[in-house]
Structures are given as structure tokens and as C-alpha cells.
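**Q** Please find one structure pasted underneath; my questions will follow.
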Amino acid sequence: MASVSIQPQFRLTQTPSKVLHLRNLPWECTEEELIELGKPFGKVVNTKCNVGANRNQAFIEFADLNQAIAMISYYASSSEPAQVRGKTVYLQYSNRQEIVNNKTTADVAGNVLLVTIEGADARLVSIDVLHLVFSAFGFVHKITTFEKTAGFQALVQFSDAETASSAKNALDGRNIPRYLFPEHIGPCTLRINYSAHTDLSVKFQSHRSRDYTNPNLPVAPSAIDGGGLLSVGLDGKKLEPESNVLLASIENMQYAVTLDVLHMVFAAFGPVQKIAMFDKNGGLHALIQYPDVQTAIVAKEALEGHCIYDGGFCKLHITYSRHNDLSIKVNNDRSRDYTIPITSMLNPGPSILGQQPVPTVGPPAHPYSGTQFASPPDHPVMPQPSAGWAAAVPVAPHSMPAQMNNHPYLPPGSVPPQMGPGMMQMPGHSGLPQGAAMPPSYRPGQTQ
């Protein structure tokens, strides 16, 4: 009742029109049902059904303006709302003065099909699977995929409307053949309508868009793997294009995670070229660049969901980044380019702090302050670097596994004795594989 009392103010403030806009209609409301609803108030001369993303809206046009006003006025003052199949329908004047075409776009045959994929695993349907399915009816010119309110959708362009109609008539309401999917993917049903488009605009080949008429179209860098091939397979499993740059998000940060800790973790799988850390949405994130895609794939599969420290602390969530070459403008405690020689990283200019210790190879002092990261008595204070980024390599607090003592690039005795159980052990590794050499460490209290 409360909703009915509010509706008259909403409706009567609009400019009257012969065309009424109806909302909240039942699924696939028919033209006959709309005519029946408007018949008590006058002659309905035109209708437009199943409009909107949810296909639950419609338009009806009366022969005379007064008939439309009568219908609006009646339901605005009535305690009984307009209903179709027992479902309350909301009415208002339309902005249009007539219905130009009583057919929806979905009813007008064209050469481009709008395909909605239904099913729990709809997003796992790759563009290549769609191409295989629709190519059975003729040459497919272009395909684009996207996500809207209605779900996971695709636009499929044929050369002519006849070919598109054949595909629509054969595939609408059918499931994609099971043999095109891995066993873990459930049934996916195709719902097909005609699109108003006639020529899709595809600017580059990617896992979301393809132009099969233009082999010279540039390929998006994010869609290329290390071998120069499109990274999307026929199984539809790869939702994101693989990249040599990983995006790591760190949650449950009970301990500090520094750039050098990240380098130690990710260098276990290959040489790390660059790292850039940043804060976003209240969390710590980092971009880690490897020299090739395959190394990044191995690191992602091994580290995804694992924690840097025991007890579920500093959990890693890893995805592929759209970047392929990070731009590191300055080397500091938040970003570093490991491809630049260490000597060129250090600032040769005088320090505002005066004479500072010179780095030498040896066990580094504990990098953290605070009671939980208190340094052992024999490592009282870590000397400050003179300038530039810290030459010392801070190690993770009481956490690196024992096998890291045998890292082929660490000088003997460079791992402090306080490093014991606690930091994550790389899955499937009995020790750290060879990676990029570690920068020299500071020996506490030593100067030259």
C-alpha cells in the first residue's frame, strides 16, 4: 500500500505521452498480455516487449493521449496495482511519443549475434571454444567477449544475416559440446539473440577479442607467452594472460615485509630483474619482474596462497600483471632494479650524515626494530647506508629455512645464526635454485 501511495507523485510529474513504460513484468511477457492490460482504457495500437537487460520491461502505445492518461490516473489512485500473472507492474509515461518499431533489436535478423553463456562455469568458456562452435555454420569474422549484468556474453560476427540466422536457430538453447571442455567444467548453455551491431571494432588480438579477417592486426602484449603464441588454449582454463611480471598482494601482515624479503622469496625460482612495492586499498602490493614468462609461471604456481611466515602470516595472492617491463626511476626501499650493477646504484655523493661505514661481505645485522624483531646481543645496531638504496640485504626475521644457508650465491657465513624455522619453505625445493646474486651485506660495527 505504501508503494502505491508514492507512485502518483512520480507518474504525474512527467509529461503525458501516448506511450507508457511498464516495469517489473514477468519473464517473457507476451504482446497479448500487454494488450489485455491496456484494453479497459482504450485501443492499444503498438507494443514493444521484453526490453532491458533482464527482459522485464515493455512499452505500450494507445491510439489517443487521453487513453494513456486514463490508465495512469486510474492506477495512481487505485488501491489495486496493475498486475500481470499476479505480479505488480509499475507504469509511467515514456519519453517517446510513439513506438517506431514494434520489434525489439533481438528480433531483427542481422549478421552479428549476441550470445549469453549460462552456467556456473560460463567464465571458463574461452574465445577459441566459441570460435570452434560457431565456425561450424560459416566463416566467423570477429568475436568479442565481455561481462554485463546479464552475465558472460559474446558478440559473434558473420559475413551475412543468413549465416548468423542458421547459427542462431541451431544453437539457441543448446549446450556447448562437453568434449570441448576439461572434465571439471560444468554444462554451459547458449542463449542467442540478434545484435544491433553490423561490424565489430577489434583493435588488437587478445584473449577477449579476435579479428579473423586481419592476420596483421597487432597482438596485445598481455596475450603473448614466451614463445610468441596466444596464451589462451582450447580448454578455456586460462582466464588471465600470462606475463613475466607478477602482481603480489600480501594479507595478514603481522610481520614487516620489505623489498629484500620479497626478493629472497621470489629469487628462489629464478633471477628477479625488478621489484616495485606500493600501497593500495589499505594493503601492501608488489610487482615482481622476471626475465621470461615461464619463470613467472613457476613462481606463481608455487607461491600462490602460501605464507611467507609460519602461522598463516603474510599470505601471498599472486596474479599476472598487464605490465611486461617495469619502469624503476629510483632505487630505494620500495623499488629496485637488479639489472643495474650495484656500483651504479650507490650515490657517490657525500652523505648528509657524514662518514658512513663501507659495505663488506659478511653477516647482515637484523633489519627490524621493536621487541618482536629485537637483534641478538652480538648484532646491536645495523649501520645506515651512506646514500641511495640500502646495500645491506635485510633478512626475514627468525624465519629462513636451514637449506637457504647453502644458497650458491651467498658467501659462507652470510646467513645470520638467528635464522631458523619459521619462514616459508619453497614448495618442491630442497634448497634454493640458482638465481641472481645477492647484493653485499654490512658487517655490524665494521668500517674501513
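Chains: A, B, ... in order of the C-alpha cells. Residues: from 1 per chain. Ligands: from 1, in order shown.
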Please list as a compact mmCIF listing (two decimals) with C-alpha atoms, in the first residue's frame every residue within 8 Å of range 60-75 of chain A, counting only C-alpha atoms and excluding residues in the same chain fewer than 2 positions away.
**A**
# COMPACT_ATOMS: atom_id res chain seq x y z
CA PRO A 8 1.11 9.05 -8.23
CA ARG A 11 3.95 9.49 -12.54
CA PRO A 16 1.98 12.80 -20.68
CA SER A 17 2.54 10.59 -23.72
CA LYS A 18 0.56 8.04 -25.71
CA VAL A 19 3.37 5.60 -24.93
CA LEU A 20 3.59 4.07 -21.45
CA HIS A 21 6.66 2.45 -19.97
CA LEU A 22 5.99 -0.73 -17.96
CA LEU A 34 0.12 -6.19 -22.65
CA ILE A 35 -2.89 -5.56 -24.90
CA GLY A 38 -4.45 -1.76 -21.57
CA PHE A 41 -8.66 2.17 -21.12
CA GLY A 42 -8.59 2.28 -24.92
CA LYS A 43 -7.14 0.80 -28.07
CA VAL A 44 -3.53 -0.40 -27.85
CA VAL A 45 -2.04 0.17 -31.31
CA ASN A 46 1.54 -0.92 -30.70
CA THR A 47 3.70 -2.77 -28.20
CA LYS A 48 7.37 -3.50 -27.57
CA ALA A 58 7.91 -3.10 -22.16
CA SER A 77 -5.40 6.45 -7.36
CA SER A 78 -6.35 2.78 -7.10
CA SER A 79 -5.53 0.62 -4.10
CA GLU A 80 -5.05 -2.31 -6.51
CA PRO A 81 -1.87 -2.00 -8.59
CA ALA A 82 -1.61 -3.12 -12.20
CA LEU A 91 3.72 2.28 -15.06
CA GLN A 92 4.91 5.72 -16.11
CA TYR A 93 4.79 7.95 -19.16
CA GLU A 98 5.38 6.69 -30.41
CA ILE A 99 6.84 3.23 -30.83
**Q** Identify all residues of range 51-262 of chain A in strand (DSSP E) (DSSP on the backbone) and supply them as number ranges by chain.
**A** A: 51, 57-62, 83-84, 87-88, 90-93, 112-118, 140-148, 151-158, 189-194, 209-211, 245-251
**Q** For Tyr309 in chain A, which of A:Asp211, A:Glu251, A:Glu162, A:Glu36 is the closest residue, counting only C-alpha atoms?
**A**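 Among the listed residues, A:Glu251 lies closest to Tyr309 in chain A.
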**Q** Take CA of Pro291 in chain A and CA of Gln273 in chain A and report the distance between them in Å, one decimal.
**A**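 Between these atoms lies a distance of 6.6 Å.
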**Q** Taking only C-alpha atoms into account, which of A:Val202, A:Gly110, A:Asp121, A:Thr213 comes nearest Thr163 in chain A?
**A** A:Gly110
**Q** For Thr88 in chain A, which residue out of A:Leu132, A:Ala122, A:Leu287, A:Leu37 is the nearest one, using only C-alpha atoms?
**A**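 Selected residue with least distance to Thr88 in chain A: A:Leu37.
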**Q** Apply DSSP to the backbone of this structure and, from range 236-323 of chain A, keep only the residues in helix (DSSP H, G or I); write these as a list in words.
**A**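 Result set for range 236-323 of chain A (helix (DSSP H, G or I)): Leu259, Asp260, Val261, Leu262, His263, Met264, Val265, Phe266, Ala267, Ala268, Phe269, Val293, Gln294, Thr295, Ala296, Ile297, Val298, Ala299, Lys300, Glu301, Ala302 and Leu303 of chain A.
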**Q** How about saving the chosen residues, N, CA and C atoms kept, as a PDB file, in the first residue's frame?
**A**
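The new file result19.pdb reads:
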ATOM      1  N   LEU A 259      61.305  -5.037   0.763  1.00  0.00           N
ATOM      2  CA  LEU A 259      61.666  -5.348  -0.610  1.00  0.00           C
ATOM      3  C   LEU A 259      62.655  -6.500  -0.670  1.00  0.00           C
ATOM      4  N   ASP A 260      63.605  -6.538   0.280  1.00  0.00           N
ATOM      5  CA  ASP A 260      64.616  -7.598   0.267  1.00  0.00           C
ATOM      6  C   ASP A 260      64.038  -8.944   0.674  1.00  0.00           C
ATOM      7  N   VAL A 261      63.029  -8.938   1.536  1.00  0.00           N
ATOM      8  CA  VAL A 261      62.353 -10.186   1.876  1.00  0.00           C
ATOM      9  C   VAL A 261      61.649 -10.740   0.641  1.00  0.00           C
ATOM     10  N   LEU A 262      60.962  -9.877  -0.100  1.00  0.00           N
ATOM     11  CA  LEU A 262      60.296 -10.312  -1.326  1.00  0.00           C
ATOM     12  C   LEU A 262      61.302 -10.841  -2.342  1.00  0.00           C
ATOM     13  N   HIS A 263      62.439 -10.163  -2.441  1.00  0.00           N
ATOM     14  CA  HIS A 263      63.462 -10.623  -3.387  1.00  0.00           C
ATOM     15  C   HIS A 263      63.961 -12.007  -3.009  1.00  0.00           C
ATOM     16  N   MET A 264      64.159 -12.235  -1.704  1.00  0.00           N
ATOM     17  CA  MET A 264      64.645 -13.537  -1.268  1.00  0.00           C
ATOM     18  C   MET A 264      63.630 -14.631  -1.572  1.00  0.00           C
ATOM     19  N   VAL A 265      62.348 -14.318  -1.408  1.00  0.00           N
ATOM     20  CA  VAL A 265      61.297 -15.313  -1.659  1.00  0.00           C
ATOM     21  C   VAL A 265      61.190 -15.624  -3.146  1.00  0.00           C
ATOM     22  N   PHE A 266      61.097 -14.590  -3.979  1.00  0.00           N
ATOM     23  CA  PHE A 266      60.837 -14.799  -5.406  1.00  0.00           C
ATOM     24  C   PHE A 266      62.087 -15.193  -6.180  1.00  0.00           C
ATOM     25  N   ALA A 267      63.276 -14.849  -5.669  1.00  0.00           N
ATOM     26  CA  ALA A 267      64.506 -15.237  -6.353  1.00  0.00           C
ATOM     27  C   ALA A 267      64.770 -16.726  -6.238  1.00  0.00           C
ATOM     28  N   ALA A 268      64.022 -17.420  -5.390  1.00  0.00           N
ATOM     29  CA  ALA A 268      64.187 -18.866  -5.276  1.00  0.00           C
ATOM     30  C   ALA A 268      63.795 -19.591  -6.554  1.00  0.00           C
ATOM     31  N   PHE A 269      63.090 -18.912  -7.468  1.00  0.00           N
ATOM     32  CA  PHE A 269      62.605 -19.570  -8.677  1.00  0.00           C
ATOM     33  C   PHE A 269      63.267 -19.051  -9.937  1.00  0.00           C
ATOM     34  N   VAL A 293      58.455 -15.387 -19.192  1.00  0.00           N
ATOM     35  CA  VAL A 293      57.136 -15.780 -18.707  1.00  0.00           C
ATOM     36  C   VAL A 293      57.188 -17.105 -17.960  1.00  0.00           C
ATOM     37  N   GLN A 294      57.960 -18.061 -18.451  1.00  0.00           N
ATOM     38  CA  GLN A 294      57.990 -19.390 -17.840  1.00  0.00           C
ATOM     39  C   GLN A 294      58.451 -19.346 -16.393  1.00  0.00           C
ATOM     40  N   THR A 295      59.441 -18.527 -16.098  1.00  0.00           N
ATOM     41  CA  THR A 295      59.901 -18.397 -14.715  1.00  0.00           C
ATOM     42  C   THR A 295      58.796 -17.829 -13.838  1.00  0.00           C
ATOM     43  N   ALA A 296      58.071 -16.842 -14.368  1.00  0.00           N
ATOM     44  CA  ALA A 296      56.972 -16.245 -13.608  1.00  0.00           C
ATOM     45  C   ALA A 296      55.861 -17.261 -13.354  1.00  0.00           C
ATOM     46  N   ILE A 297      55.594 -18.129 -14.338  1.00  0.00           N
ATOM     47  CA  ILE A 297      54.559 -19.147 -14.174  1.00  0.00           C
ATOM     48  C   ILE A 297      54.920 -20.105 -13.038  1.00  0.00           C
ATOM     49  N   VAL A 298      56.176 -20.540 -13.028  1.00  0.00           N
ATOM     50  CA  VAL A 298      56.632 -21.460 -11.980  1.00  0.00           C
ATOM     51  C   VAL A 298      56.504 -20.814 -10.607  1.00  0.00           C
ATOM     52  N   ALA A 299      56.937 -19.555 -10.502  1.00  0.00           N
ATOM     53  CA  ALA A 299      56.870 -18.854  -9.217  1.00  0.00           C
ATOM     54  C   ALA A 299      55.419 -18.668  -8.779  1.00  0.00           C
ATOM     55  N   LYS A 300      54.550 -18.314  -9.694  1.00  0.00           N
ATOM     56  CA  LYS A 300      53.145 -18.094  -9.341  1.00  0.00           C
ATOM     57  C   LYS A 300      52.498 -19.380  -8.839  1.00  0.00           C
ATOM     58  N   GLU A 301      52.697 -20.473  -9.567  1.00  0.00           N
ATOM     59  CA  GLU A 301      52.084 -21.739  -9.173  1.00  0.00           C
ATOM     60  C   GLU A 301      52.605 -22.226  -7.824  1.00  0.00           C
ATOM     61  N   ALA A 302      53.878 -21.948  -7.545  1.00  0.00           N
ATOM     62  CA  ALA A 302      54.474 -22.429  -6.299  1.00  0.00           C
ATOM     63  C   ALA A 302      54.099 -21.564  -5.095  1.00  0.00           C
ATOM     64  N   LEU A 303      53.951 -20.268  -5.306  1.00  0.00           N
ATOM     65  CA  LEU A 303      53.786 -19.349  -4.179  1.00  0.00           C
ATOM     66  C   LEU A 303      52.351 -18.937  -3.915  1.00  0.00           C
TER      67      LEU A 303
END
**Q** For a quick check of understanding, using only C-alpha atoms, which of A:Leu113, A:Ala286, A:Leu326, A:Cys29 has the smallest distance to Val89 in chain A?
**A**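 Among A:Leu113, A:Ala286, A:Leu326, A:Cys29, it is A:Cys29 that comes nearest to Val89 in chain A.
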**Q** Measuring between only C-alpha atoms, which one of A:Pro241, A:Gly138, A:Gly119, A:Pro271 shows the shortest distance to Arg174 in chain A?
**A**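 With only C-alpha atoms as the atom set, the closest residue is A:Gly119.
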**Q** Would you mind reading off the distance between CA of Ala196 in chain A and CA of Leu114 in chain A, one decimal, in Å?
**A**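 So the answer is 8.9 Å.
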